[in-house]
file query.cif (mmCIF, C-alpha atoms)
data_query
#
loop_
_atom_site.label_atom_id
_atom_site.label_comp_id
_atom_site.auth_asym_id
_atom_site.auth_seq_id
_atom_site.Cartn_x
_atom_site.Cartn_y
_atom_site.Cartn_z
CA MET M 6 41.28 -63.68 -31.88
CA ARG M 7 38.04 -62.74 -30.13
CA LYS M 8 34.55 -64.16 -30.42
CA MET M 9 31.81 -61.86 -29.10
CA PHE M 10 28.46 -62.70 -27.52
CA PHE M 11 25.79 -60.23 -26.46
CA CYS M 12 23.60 -61.57 -23.66
CA ILE M 13 20.61 -60.58 -21.57
CA ASP M 14 21.10 -61.82 -18.02
CA GLY M 15 18.34 -62.42 -15.50
CA HIS M 16 16.69 -65.09 -13.39
CA THR M 17 13.55 -67.17 -13.05
CA GLY M 18 12.63 -67.76 -9.44
CA GLY M 19 16.22 -67.12 -8.37
CA ASN M 20 17.88 -69.42 -10.90
CA PRO M 21 20.05 -67.63 -13.50
CA VAL M 22 19.16 -67.34 -17.17
CA ARG M 23 21.66 -66.02 -19.72
CA MET M 24 20.01 -65.54 -23.11
CA VAL M 25 22.40 -65.10 -26.03
CA MET M 26 20.87 -62.68 -28.51
CA GLY M 27 24.02 -62.07 -30.54
CA GLY M 28 26.77 -64.48 -31.57
CA ALA M 29 24.82 -67.73 -32.05
CA PRO M 30 26.37 -70.14 -34.56
CA PHE M 31 24.63 -71.34 -37.72
CA LEU M 32 23.38 -74.84 -36.99
CA GLN M 33 22.52 -77.74 -39.26
CA GLY M 34 19.54 -80.04 -38.93
CA ALA M 35 15.87 -80.29 -39.89
CA THR M 36 14.65 -80.30 -36.27
CA MET M 37 15.74 -78.57 -33.08
CA SER M 38 16.71 -81.99 -31.70
CA ALA M 39 19.09 -82.44 -34.66
CA ARG M 40 20.42 -78.91 -34.21
CA ARG M 41 21.06 -79.60 -30.55
CA LEU M 42 23.24 -82.55 -31.54
CA ASP M 43 25.01 -80.42 -34.16
CA PHE M 44 25.72 -77.75 -31.55
CA LEU M 45 27.15 -80.34 -29.15
CA ALA M 46 29.32 -81.82 -31.90
CA ARG M 47 30.73 -78.55 -33.29
CA TYR M 48 30.12 -75.68 -30.89
CA ASP M 49 30.09 -77.03 -27.36
CA TRP M 50 33.07 -74.75 -26.63
CA ILE M 51 30.59 -71.83 -26.67
CA ARG M 52 28.53 -73.46 -23.93
CA ARG M 53 31.62 -74.11 -21.83
CA ALA M 54 32.87 -70.55 -22.32
CA LEU M 55 29.56 -68.93 -21.34
CA MET M 56 28.50 -71.32 -18.57
CA PHE M 57 31.76 -72.23 -16.80
CA GLU M 58 33.96 -69.97 -14.70
CA PRO M 59 35.31 -67.32 -15.06
CA ARG M 60 32.36 -66.06 -17.19
CA GLY M 61 29.77 -68.22 -15.49
CA HIS M 62 29.47 -70.46 -12.43
CA ASP M 63 28.15 -73.84 -11.29
CA LEU M 64 24.50 -72.74 -11.43
CA MET M 65 24.68 -70.84 -14.72
CA SER M 66 22.17 -71.75 -17.41
CA GLY M 67 20.68 -70.09 -20.44
CA GLY M 68 20.36 -70.53 -24.15
CA PHE M 69 20.08 -69.09 -27.63
CA ILE M 70 17.05 -67.50 -29.25
CA LEU M 71 16.93 -68.60 -32.90
CA PRO M 72 14.61 -68.24 -35.89
CA PRO M 73 11.99 -71.02 -35.98
CA LEU M 74 12.33 -73.82 -38.49
CA ASP M 75 8.59 -73.57 -39.20
CA PRO M 76 7.53 -70.00 -40.07
CA ALA M 77 4.18 -70.68 -38.39
CA ASN M 78 6.04 -70.67 -35.05
CA ASP M 79 7.38 -67.65 -33.20
CA ALA M 80 10.93 -68.63 -32.21
CA ALA M 81 13.25 -71.51 -31.42
CA PHE M 82 15.25 -71.99 -28.21
CA LEU M 83 18.43 -74.00 -27.69
CA PHE M 84 19.19 -74.50 -24.00
CA MET M 85 22.54 -74.87 -22.29
CA GLU M 86 23.89 -75.23 -18.77
CA THR M 87 27.03 -76.49 -17.08
CA SER M 88 26.00 -80.13 -17.65
CA GLY M 89 25.34 -79.81 -21.39
CA CYS M 90 22.50 -78.84 -23.71
CA LEU M 91 19.18 -79.92 -22.27
CA PRO M 92 16.28 -81.00 -24.49
CA LEU M 93 14.11 -78.62 -22.45
CA CYS M 94 14.59 -76.17 -19.60
CA GLY M 95 11.45 -74.89 -17.87
CA HIS M 96 12.94 -71.96 -15.98
CA GLY M 97 14.98 -71.13 -19.07
CA SER M 98 11.81 -71.09 -21.17
CA VAL M 99 10.05 -68.69 -18.78
CA GLY M 100 13.13 -66.48 -18.65
CA MET M 101 13.86 -66.41 -22.38
CA ILE M 102 10.22 -65.82 -23.31
CA THR M 103 10.12 -62.93 -20.82
CA PHE M 104 13.39 -61.39 -22.03
CA ALA M 105 12.49 -61.79 -25.71
CA LEU M 106 9.04 -60.21 -25.31
CA GLU M 107 10.34 -57.30 -23.23
CA HIS M 108 13.05 -56.54 -25.82
CA GLY M 109 10.98 -56.97 -28.96
CA LEU M 110 12.79 -60.10 -30.12
CA ILE M 111 9.47 -61.94 -30.33
CA LEU M 112 6.53 -59.98 -31.77
CA PRO M 113 3.38 -61.85 -30.76
CA ARG M 114 0.80 -62.52 -33.47
CA GLY M 115 -1.81 -63.17 -30.79
CA ASP M 116 -2.00 -64.29 -27.19
CA LEU M 117 -0.38 -67.67 -27.92
CA LEU M 118 3.33 -68.19 -28.60
CA ARG M 119 4.70 -71.30 -30.27
CA ILE M 120 8.33 -72.02 -29.40
CA GLU M 121 10.39 -74.81 -30.96
CA VAL M 122 12.74 -76.62 -28.54
CA PRO M 123 14.75 -79.85 -28.90
CA ALA M 124 12.15 -81.77 -26.87
CA GLY M 125 9.23 -80.60 -29.02
CA LEU M 126 6.94 -77.57 -29.25
CA LEU M 127 5.97 -75.26 -26.39
CA GLU M 128 2.74 -73.28 -26.47
CA ALA M 129 3.03 -70.31 -24.13
CA ARG M 130 0.83 -67.50 -22.85
CA PHE M 131 1.88 -64.40 -20.96
CA THR M 132 0.56 -61.40 -19.05
CA ARG M 133 1.90 -57.87 -19.25
CA GLU M 134 1.79 -54.64 -17.30
CA GLY M 135 2.96 -52.00 -19.76
CA THR M 136 6.22 -53.22 -21.27
CA ARG M 137 6.93 -55.66 -18.44
CA VAL M 138 6.01 -59.33 -18.66
CA THR M 139 4.56 -60.30 -15.28
CA SER M 140 4.03 -64.03 -15.85
CA VAL M 141 4.54 -66.77 -18.41
CA SER M 142 2.68 -70.05 -18.60
CA PHE M 143 3.24 -72.76 -21.14
CA GLU M 144 2.08 -76.23 -21.98
CA SER M 145 5.23 -78.25 -21.86
CA VAL M 146 6.06 -81.49 -23.59
CA PRO M 147 4.13 -84.64 -22.62
CA SER M 148 5.51 -85.98 -19.35
CA PHE M 149 5.30 -89.46 -17.87
CA LEU M 150 6.36 -91.78 -15.08
CA PHE M 151 9.03 -94.01 -16.60
CA ALA M 152 9.62 -96.39 -13.66
CA ARG M 153 8.40 -96.54 -10.09
CA ASP M 154 10.09 -97.70 -6.89
CA VAL M 155 13.59 -98.07 -8.33
CA VAL M 156 15.88 -99.07 -5.47
CA ILE M 157 19.62 -98.56 -5.12
CA SER M 158 22.02 -99.29 -2.28
CA ASP M 159 24.18 -96.49 -0.89
CA PRO M 160 26.71 -96.45 1.97
CA ARG M 161 25.12 -93.38 3.55
CA PHE M 162 21.40 -94.01 2.98
CA GLY M 163 21.22 -97.78 2.78
CA ARG M 164 18.34 -98.73 0.48
CA LEU M 165 17.17 -95.60 -1.31
CA ARG M 166 13.99 -95.61 -3.39
CA ALA M 167 12.98 -93.23 -6.20
CA ASP M 168 10.51 -92.91 -9.02
CA ILE M 169 11.99 -92.06 -12.45
CA ALA M 170 9.89 -89.54 -14.37
CA TYR M 171 10.29 -87.51 -17.54
CA GLY M 172 9.33 -83.84 -17.76
CA GLY M 173 11.68 -82.71 -20.52
CA ASN M 174 14.62 -84.43 -18.80
CA PHE M 175 14.71 -87.64 -16.76
CA TYR M 176 14.51 -87.17 -12.98
CA ALA M 177 14.94 -89.50 -10.04
CA ILE M 178 12.36 -88.26 -7.51
CA ILE M 179 13.42 -89.07 -3.96
CA GLU M 180 10.78 -88.60 -1.27
CA PRO M 181 11.20 -88.88 2.52
CA GLN M 182 11.86 -92.47 3.61
CA GLU M 183 14.07 -94.36 6.02
CA GLY M 184 17.50 -92.77 5.77
CA TYR M 185 16.25 -89.55 4.15
CA GLY M 186 14.08 -87.22 6.21
CA GLY M 187 13.75 -84.34 3.77
CA VAL M 188 15.71 -81.40 2.38
CA ALA M 189 16.36 -79.74 5.75
CA ASP M 190 17.43 -83.05 7.27
CA LEU M 191 20.06 -83.64 4.58
CA GLY M 192 20.98 -79.99 4.04
CA LEU M 193 22.28 -78.41 0.85
CA ALA M 194 25.87 -79.41 1.61
CA GLY M 195 24.74 -83.00 2.09
CA ILE M 196 22.78 -82.90 -1.16
CA ALA M 197 25.80 -81.53 -3.05
CA GLU M 198 28.03 -84.24 -1.59
CA ALA M 199 25.72 -87.20 -2.13
CA SER M 200 24.01 -86.34 -5.41
CA PRO M 201 26.68 -87.22 -8.00
CA ARG M 202 27.01 -90.82 -6.79
CA ILE M 203 23.25 -91.18 -6.19
CA ARG M 204 22.51 -90.02 -9.71
CA ARG M 205 25.09 -92.40 -11.16
CA ALA M 206 23.52 -95.26 -9.22
CA PHE M 207 19.98 -94.54 -10.41
CA ASP M 208 21.19 -94.00 -13.97
CA ALA M 209 22.93 -97.39 -13.86
CA ALA M 210 19.87 -99.06 -12.35
CA ILE M 211 17.45 -98.05 -15.10
CA ASN M 212 17.91 -97.53 -18.85
CA ALA M 213 15.92 -94.32 -19.20
CA VAL M 214 15.37 -93.58 -22.91
CA HIS M 215 12.61 -91.44 -24.40
CA PRO M 216 10.49 -93.65 -26.70
CA GLY M 217 10.14 -90.91 -29.30
CA ASP M 218 13.70 -89.54 -29.31
CA PRO M 219 16.56 -91.89 -28.35
CA SER M 220 18.94 -88.91 -28.08
CA ILE M 221 17.09 -88.05 -24.82
CA ARG M 222 18.42 -90.60 -22.39
CA GLY M 223 19.79 -91.06 -18.92
CA VAL M 224 18.86 -89.81 -15.46
CA SER M 225 20.32 -86.29 -15.55
CA HIS M 226 18.64 -84.68 -12.51
CA LEU M 227 17.61 -85.53 -8.96
CA ILE M 228 14.62 -84.14 -7.07
CA TRP M 229 15.21 -84.33 -3.33
CA SER M 230 11.65 -83.71 -2.19
CA ASP M 231 10.02 -82.94 1.12
CA ALA M 232 6.75 -84.65 2.02
CA LEU M 233 3.61 -83.46 0.28
CA ASP M 234 1.67 -80.66 1.93
CA PRO M 235 -1.33 -81.89 3.97
CA ASP M 236 -3.69 -81.10 1.07
CA GLY M 237 -1.40 -82.85 -1.44
CA ARG M 238 -1.12 -79.73 -3.61
CA GLY M 239 2.51 -78.80 -3.09
CA SER M 240 5.91 -79.64 -1.69
CA SER M 241 9.36 -78.13 -1.33
CA ALA M 242 12.34 -79.63 -3.10
CA ALA M 243 15.99 -79.20 -4.01
CA ILE M 244 16.96 -80.16 -7.56
CA PHE M 245 20.47 -81.33 -8.35
CA PHE M 246 21.93 -81.00 -11.86
CA GLY M 247 25.31 -80.93 -13.55
CA ASN M 248 28.37 -81.73 -11.47
CA ASN M 249 27.88 -79.25 -8.62
CA GLY M 250 24.57 -77.50 -9.19
CA ILE M 251 21.58 -77.17 -6.87
CA ASP M 252 18.80 -75.28 -8.64
CA HIS M 253 17.89 -72.15 -6.70
CA GLY M 254 14.54 -72.10 -8.48
CA PRO M 255 11.71 -74.63 -8.32
CA CYS M 256 12.68 -76.12 -11.74
CA GLY M 257 10.16 -76.23 -14.58
CA THR M 258 10.94 -79.63 -16.11
CA GLY M 259 11.26 -81.02 -12.59
CA THR M 260 7.79 -79.70 -11.78
CA ALA M 261 6.44 -81.39 -14.93
CA ALA M 262 8.10 -84.66 -13.92
CA ARG M 263 6.63 -84.35 -10.43
CA LEU M 264 3.14 -83.78 -11.87
CA ALA M 265 3.54 -86.88 -14.03
CA GLN M 266 4.66 -88.95 -11.05
CA LEU M 267 1.78 -87.80 -8.85
CA ALA M 268 -0.75 -88.34 -11.64
CA ALA M 269 0.51 -91.88 -12.27
CA ARG M 270 0.16 -92.63 -8.56
CA GLY M 271 -3.40 -91.28 -8.49
CA LEU M 272 -2.51 -88.29 -6.29
CA LEU M 273 -3.21 -85.48 -8.80
CA THR M 274 -5.92 -85.09 -11.43
CA VAL M 275 -6.67 -82.79 -14.36
CA GLY M 276 -7.05 -79.15 -13.35
CA GLN M 277 -5.70 -79.47 -9.81
CA PRO M 278 -2.87 -76.97 -9.15
CA PHE M 279 0.41 -78.13 -7.63
CA ASP M 280 3.12 -75.80 -6.30
CA GLN M 281 6.74 -76.93 -6.36
CA ARG M 282 8.74 -74.65 -4.07
CA SER M 283 12.47 -74.04 -4.09
CA HIS M 284 14.77 -73.77 -1.08
CA VAL M 285 14.76 -69.97 -1.51
CA GLY M 286 10.96 -69.80 -1.40
CA THR M 287 10.11 -69.29 -5.09
CA ARG M 288 7.62 -71.53 -6.85
CA PHE M 289 6.32 -72.94 -10.10
CA THR M 290 2.61 -73.71 -10.27
CA GLY M 291 1.77 -76.69 -12.42
CA THR M 292 -1.52 -78.16 -13.59
CA ILE M 293 -2.47 -81.10 -15.75
CA ALA M 294 -4.32 -80.08 -18.91
CA GLY M 295 -5.07 -83.60 -20.07
CA HIS M 296 -3.72 -87.06 -20.83
CA VAL M 297 -1.90 -88.42 -23.89
CA LYS M 298 0.19 -91.41 -24.85
CA VAL M 299 3.97 -91.32 -25.39
CA GLY M 300 4.83 -94.66 -26.93
CA SER M 301 3.46 -97.20 -24.44
CA PHE M 302 3.50 -94.71 -21.54
CA ASP M 303 0.48 -92.94 -20.12
CA ALA M 304 1.51 -89.28 -20.12
CA ILE M 305 0.15 -85.93 -19.05
CA ARG M 306 0.03 -82.52 -20.70
CA PRO M 307 1.66 -80.31 -18.04
CA VAL M 308 1.06 -76.55 -17.88
CA LEU M 309 3.66 -74.57 -15.92
CA ALA M 310 3.55 -70.95 -14.76
CA GLY M 311 6.34 -68.73 -13.41
CA GLN M 312 7.91 -65.28 -13.46
CA ALA M 313 11.31 -63.99 -14.58
CA HIS M 314 13.29 -60.76 -14.22
CA VAL M 315 16.03 -59.11 -16.28
CA THR M 316 19.08 -58.08 -14.25
CA GLY M 317 21.26 -56.56 -16.98
CA TYR M 318 23.11 -56.80 -20.27
CA ASN M 319 26.38 -58.62 -20.69
CA GLN M 320 28.82 -58.39 -23.59
CA ILE M 321 31.12 -61.38 -23.27
CA TRP M 322 34.02 -62.45 -25.39
CA THR M 323 36.46 -65.31 -25.61
CA ASP M 324 40.04 -64.53 -26.52
CA SER M 325 42.65 -66.96 -27.81
CA ASN M 326 45.19 -65.21 -25.60
CA ASP M 327 43.11 -65.93 -22.49
CA PRO M 328 44.38 -68.97 -20.55
CA PHE M 329 40.73 -70.08 -20.16
CA PRO M 330 39.00 -69.32 -23.47
CA GLU M 331 36.56 -72.20 -22.87
CA GLY M 332 36.30 -71.69 -19.12
CA PHE M 333 36.96 -74.22 -16.39
CA GLN M 334 35.02 -76.08 -13.72
CA VAL M 335 36.31 -77.12 -10.31
CA LEU M 336 34.46 -80.18 -9.05
CA HIS M 337 33.61 -80.26 -5.36
CA GLY M 338 35.70 -82.84 -3.57
CA ALA M 339 38.01 -83.43 -6.52
CA PRO M 340 41.77 -83.20 -5.92
CA LEU M 341 43.49 -80.15 -7.35
CA PRO M 342 45.99 -80.84 -10.14
#

call {"tool": "encode", "arguments": {"input": "query.cif", "output": "structure tokens"}}
result
Amino acid sequence: MRKMFFCIDGHTGGNPVRMVMGGAPFLQGATMSARRLDFLARYDWIRRALMFEPRGHDLMSGGFILPPLDPANDAAFLFMETSGCLPLCGHGSVGMITFALEHGLILPRGDLLRIEVPAGLLEARFTREGTRVTSVSFESVPSFLFARDVVISDPRFGRLRADIAYGGNFYAIIEPQEGYGGVADLGLAGIAEASPRIRRAFDAAINAVHPGDPSIRGVSHLIWSDALDPDGRGSSAAIFFGNNGIDHGPCGTGTAARLAQLAARGLLTVGQPFDQRSHVGTRFTGTIAGHVKVGSFDAIRPVLAGQAHVTGYNQIWTDSNDPFPEGFQVLHGAPLP
């Protein structure tokens, strides 16, 4: 028996985006957050099949474009990657908005798009040259510093300090300090080796739960950051996610979390641009549109801007006769069976 999926493949800033435009399951739930949980409970095999090898790889990410629950909105997105279904994915949002507009899957009713996602509602704007979308910017979900100066102990780094911030997912933001001199000092291989245990340690050290949605919980990502630029308006970083993944892009929700951290520390104010750069040289530009409250937390309204490109079409199927109908993942450093 075969199950077919028709996908548009591409990337945002070098990080892959696979948008499923045919083959999405019918989901239950009155909100996209509830539908995310329904997908994880009943259809997570689709995510594994499309994200894991041999159809995907450690850095694969993407999602489904779905009809909105509220007809006043333009579309709904459900995100997926090797680690699970994220409440929000910034680079995925830029990519899927770009792909959907260029292929007529979203027909704008004006210059503002409203996209439902599990973490809330995105309001996006875009620019075009002919049929090509040249940039997408969107106001993301309110983002906030959850905890500052959380310290763990690690055999390699000794005492390691990070701020925990939310930008659609919870991030531990690690800046240069004794034992960590920056991305180049540690290297991508060092980041891949150290990150799983470092993330587990920070997740155990702090009970990170979103005050408005308890299904969003846990430190899921790490930002290994370089020092701020001399003017304080940018930095380079490597973002770790999943079991083996280092984001090749600058990471949208990570940029939002970084903006929230800098704002809480008094280093960034409304309207000031901040560039988060990836290790391959691409960037997201973020600005703070204003301030709001999320429960008891002082939060920001982050606006993120980036660019995506389509690389092709992909018709993928799973087959019950295939030895890997749901794919497989080989963890770095794990013993082979």

call {"tool": "resolve_selection", "arguments": {"input": "query.cif", "expression": "the PyMOL selection byres ((chain M and resi 299) around 10)", "output": "ChimeraX atom specification"}}
result
/M:147-149,215-217,296-298,300-305

call {"tool": "atom_distance", "arguments": {"input": "query.cif", "atom1": "atom CA of Asp231 of chain M", "atom2": "atom CA of Thr274 of chain M"}}
result
20.4 Å

call {"tool": "residues_around", "arguments": {"input": "query.cif", "residues": "Leu32 of chain M", "least_positions_apart": "5", "cutoff": "10 Å", "atoms": "only C-alpha atoms", "output": "list in words"}}
result
Met37, Ala39, Arg40, Arg41, Leu42, Asp43, Phe44, Arg47, Tyr48 and Leu71 of chain M

call {"tool": "closest_residue", "arguments": {"input": "query.cif", "among": "M:Met101, M:Ala197, M:Ala80, M:Val308", "to": "Gln277 of chain M", "atoms": "only C-alpha atoms"}}
result
M:Val308

call {"tool": "residues_around", "arguments": {"input": "query.cif", "residues": "Glu180 of chain M", "least_positions_apart": "4", "cutoff": "9 Å", "atoms": "only C-alpha atoms", "output": "number ranges by chain"}}
result
M: 166-168, 185-187, 228-233

call {"tool": "write_last_selection", "arguments": {"input": "query.cif", "atoms": "C-alpha atoms", "output": "mmCIF file, in the coordinates of the input"}}
result
data_model
loop_
_atom_site.group_PDB
_atom_site.id
_atom_site.type_symbol
_atom_site.label_atom_id
_atom_site.label_comp_id
_atom_site.auth_asym_id
_atom_site.auth_seq_id
_atom_site.Cartn_x
_atom_site.Cartn_y
_atom_site.Cartn_z
ATOM 1 C CA ARG M 166 13.990 -95.610 -3.390
ATOM 2 C CA ALA M 167 12.980 -93.230 -6.200
ATOM 3 C CA ASP M 168 10.510 -92.910 -9.020
ATOM 4 C CA TYR M 185 16.250 -89.550 4.150
ATOM 5 C CA GLY M 186 14.080 -87.220 6.210
ATOM 6 C CA GLY M 187 13.750 -84.340 3.770
ATOM 7 C CA ILE M 228 14.620 -84.140 -7.070
ATOM 8 C CA TRP M 229 15.210 -84.330 -3.330
ATOM 9 C CA SER M 230 11.650 -83.710 -2.190
ATOM 10 C CA ASP M 231 10.020 -82.940 1.120
ATOM 11 C CA ALA M 232 6.750 -84.650 2.020
ATOM 12 C CA LEU M 233 3.610 -83.460 0.280
#

call {"tool": "resolve_selection", "arguments": {"input": "query.cif", "expression": "the PyMOL selection byres ((chain M and resi 68-70) around 9)", "output": "tab-separated table (two decimals) with C-alpha atoms, in the coordinates of the input"}}
result
chain	number	residue	atom	x	y	z
M	22	VAL	CA	19.16	-67.34	-17.17
M	23	ARG	CA	21.66	-66.02	-19.72
M	24	MET	CA	20.01	-65.54	-23.11
M	25	VAL	CA	22.40	-65.10	-26.03
M	26	MET	CA	20.87	-62.68	-28.51
M	27	GLY	CA	24.02	-62.07	-30.54
M	29	ALA	CA	24.82	-67.73	-32.05
M	52	ARG	CA	28.53	-73.46	-23.93
M	66	SER	CA	22.17	-71.75	-17.41
M	67	GLY	CA	20.68	-70.09	-20.44
M	71	LEU	CA	16.93	-68.60	-32.90
M	72	PRO	CA	14.61	-68.24	-35.89
M	80	ALA	CA	10.93	-68.63	-32.21
M	81	ALA	CA	13.25	-71.51	-31.42
M	82	PHE	CA	15.25	-71.99	-28.21
M	83	LEU	CA	18.43	-74.00	-27.69
M	84	PHE	CA	19.19	-74.50	-24.00
M	85	MET	CA	22.54	-74.87	-22.29
M	86	GLU	CA	23.89	-75.23	-18.77
M	90	CYS	CA	22.50	-78.84	-23.71
M	97	GLY	CA	14.98	-71.13	-19.07
M	101	MET	CA	13.86	-66.41	-22.38
M	105	ALA	CA	12.49	-61.79	-25.71
M	110	LEU	CA	12.79	-60.10	-30.12

call {"tool": "resolve_selection", "arguments": {"input": "query.cif", "expression": "the PyMOL selection byres ((chain M and resi 21) around 9)", "output": "list in words"}}
result
Asp14, Gly15, His16, Thr17, Gly18, Gly19, Asn20, Val22, Arg23, Leu64, Met65, Ser66, Gly67, His96, Gly97, Gly100, His253 and Gly254 of chain M

call {"tool": "closest_residue", "arguments": {"input": "query.cif", "among": "M:Asp159, M:Ala77, M:Asp234, M:Gly109", "to": "Leu126 of chain M", "atoms": "only C-alpha atoms"}}
result
M:Ala77

call {"tool": "closest_residue", "arguments": {"input": "query.cif", "among": "M:Ala294, M:Ile321, M:Leu112, M:Ala152", "to": "Leu309 of chain M", "atoms": "only C-alpha atoms"}}
result
M:Ala294

call {"tool": "closest_residue", "arguments": {"input": "query.cif", "among": "M:Pro181, M:Gly89, M:Pro201, M:Pro30", "to": "Ser241 of chain M", "atoms": "all atoms listed in the file"}}
result
M:Pro181

call {"tool": "residues_around", "arguments": {"input": "query.cif", "residues": "Leu272 of chain M", "least_positions_apart": "4", "cutoff": "12 Å", "atoms": "only C-alpha atoms", "output": "list in words"}}
result
Leu233, Asp234, Asp236, Gly237, Arg238, Gly239, Arg263, Leu264, Ala265, Gln266, Leu267, Ala268, Gln277, Pro278, Phe279 and Ile293 of chain M

call {"tool": "residues_near_point", "arguments": {"input": "query.cif", "point": "(43.4, -63.8, -27.4)", "cutoff": "7 Å", "atoms": "all atoms listed in the file", "output": "list in words"}}
result
Met6, Arg7, Asp324, Ser325, Asn326 and Asp327 of chain M

call {"tool": "atom_distance", "arguments": {"input": "query.cif", "atom1": "atom CA of Gly95 of chain M", "atom2": "atom CA of Phe245 of chain M"}}
result
14.6 Å

call {"tool": "residues_around", "arguments": {"input": "query.cif", "residues": "Arg288 of chain M", "least_positions_apart": "6", "cutoff": "7 Å", "atoms": "all atoms listed in the file", "output": "list of chain:residue names"}}
result
M:Gly18, M:Pro255, M:Asp280, M:Gln281, M:Arg282

call {"tool": "residues_around", "arguments": {"input": "query.cif", "residues": "segment 332-334 of chain M", "least_positions_apart": "3", "cutoff": "7 Å", "atoms": "all atoms listed in the file", "output": "ChimeraX atom specification"}}
result
/M:53-54,57-59,329

call {"tool": "atom_distance", "arguments": {"input": "query.cif", "atom1": "atom CA of Ile179 of chain M", "atom2": "atom CA of Leu165 of chain M"}}
result
8.0 Å

call {"tool": "closest_residue", "arguments": {"input": "query.cif", "among": "M:Cys12, M:Ala206, M:Leu74, M:Met56", "to": "Gly34 of chain M", "atoms": "only C-alpha atoms"}}
result
M:Leu74

call {"tool": "closest_residue", "arguments": {"input": "query.cif", "among": "M:Asn212, M:Asn319, M:Ala242, M:Ser142", "to": "Gly291 of chain M", "atoms": "all atoms listed in the file"}}
result
M:Ser142

call {"tool": "residues_near_point", "arguments": {"input": "query.cif", "point": "(8.6, -97.8, -15.6)", "cutoff": "9 Å", "atoms": "all atoms listed in the file", "output": "PDB file with C-alpha atoms, in the frame of the given file"}}
result
ATOM      1  CA  LEU M 150       6.360 -91.780 -15.080  1.00  0.00           C
ATOM      2  CA  PHE M 151       9.030 -94.010 -16.600  1.00  0.00           C
ATOM      3  CA  ALA M 152       9.620 -96.390 -13.660  1.00  0.00           C
ATOM      4  CA  ARG M 153       8.400 -96.540 -10.090  1.00  0.00           C
ATOM      5  CA  ASP M 154      10.090 -97.700  -6.890  1.00  0.00           C
ATOM      6  CA  VAL M 155      13.590 -98.070  -8.330  1.00  0.00           C
ATOM      7  CA  ASP M 168      10.510 -92.910  -9.020  1.00  0.00           C
ATOM      8  CA  ILE M 169      11.990 -92.060 -12.450  1.00  0.00           C
ATOM      9  CA  ALA M 170       9.890 -89.540 -14.370  1.00  0.00           C
ATOM     10  CA  ILE M 211      17.450 -98.050 -15.100  1.00  0.00           C
ATOM     11  CA  ALA M 213      15.920 -94.320 -19.200  1.00  0.00           C
ATOM     12  CA  PHE M 302       3.500 -94.710 -21.540  1.00  0.00           C
TER      13      PHE M 302
END

call {"tool": "decode", "arguments": {"input": "query.cif", "residues": "segment 53-64 of chain M", "atoms": "N, CA and C atoms", "output": "mmCIF file, in the first residue's frame"}}
result
data_model
loop_
_atom_site.group_PDB
_atom_site.id
_atom_site.type_symbol
_atom_site.label_atom_id
_atom_site.label_comp_id
_atom_site.auth_asym_id
_atom_site.auth_seq_id
_atom_site.Cartn_x
_atom_site.Cartn_y
_atom_site.Cartn_z
ATOM 1 N N ARG M 53 7.833 11.520 10.368
ATOM 2 C CA ARG M 53 9.043 10.704 10.342
ATOM 3 C C ARG M 53 9.381 10.269 8.919
ATOM 4 N N ALA M 54 8.369 9.912 8.134
ATOM 5 C CA ALA M 54 8.611 9.458 6.765
ATOM 6 C C ALA M 54 9.183 10.564 5.892
ATOM 7 N N LEU M 55 8.696 11.795 6.066
ATOM 8 C CA LEU M 55 9.103 12.896 5.188
ATOM 9 C C LEU M 55 10.349 13.626 5.682
ATOM 10 N N MET M 56 10.651 13.536 6.970
ATOM 11 C CA MET M 56 11.784 14.264 7.521
ATOM 12 C C MET M 56 13.024 13.384 7.658
ATOM 13 N N PHE M 57 12.847 12.128 8.073
ATOM 14 C CA PHE M 57 13.989 11.246 8.310
ATOM 15 C C PHE M 57 14.537 10.688 7.002
ATOM 16 N N GLU M 58 15.753 10.153 7.066
ATOM 17 C CA GLU M 58 16.282 9.379 5.950
ATOM 18 C C GLU M 58 15.381 8.159 5.715
ATOM 19 N N PRO M 59 15.281 7.645 4.483
ATOM 20 C CA PRO M 59 16.016 8.038 3.281
ATOM 21 C C PRO M 59 15.344 9.135 2.457
ATOM 22 N N ARG M 60 14.180 9.652 2.911
ATOM 23 C CA ARG M 60 13.493 10.703 2.141
ATOM 24 C C ARG M 60 13.903 12.092 2.581
ATOM 25 N N GLY M 61 14.440 12.182 3.779
ATOM 26 C CA GLY M 61 14.906 13.452 4.313
ATOM 27 C C GLY M 61 16.311 13.304 4.867
ATOM 28 N N HIS M 62 16.637 14.129 5.866
ATOM 29 C CA HIS M 62 17.969 14.109 6.469
ATOM 30 C C HIS M 62 17.902 14.855 7.787
ATOM 31 N N ASP M 63 19.033 14.938 8.482
ATOM 32 C CA ASP M 63 19.038 15.510 9.834
ATOM 33 C C ASP M 63 18.573 16.955 9.901
ATOM 34 N N LEU M 64 18.756 17.723 8.811
ATOM 35 C CA LEU M 64 18.391 19.132 8.822
ATOM 36 C C LEU M 64 17.038 19.394 8.176
#
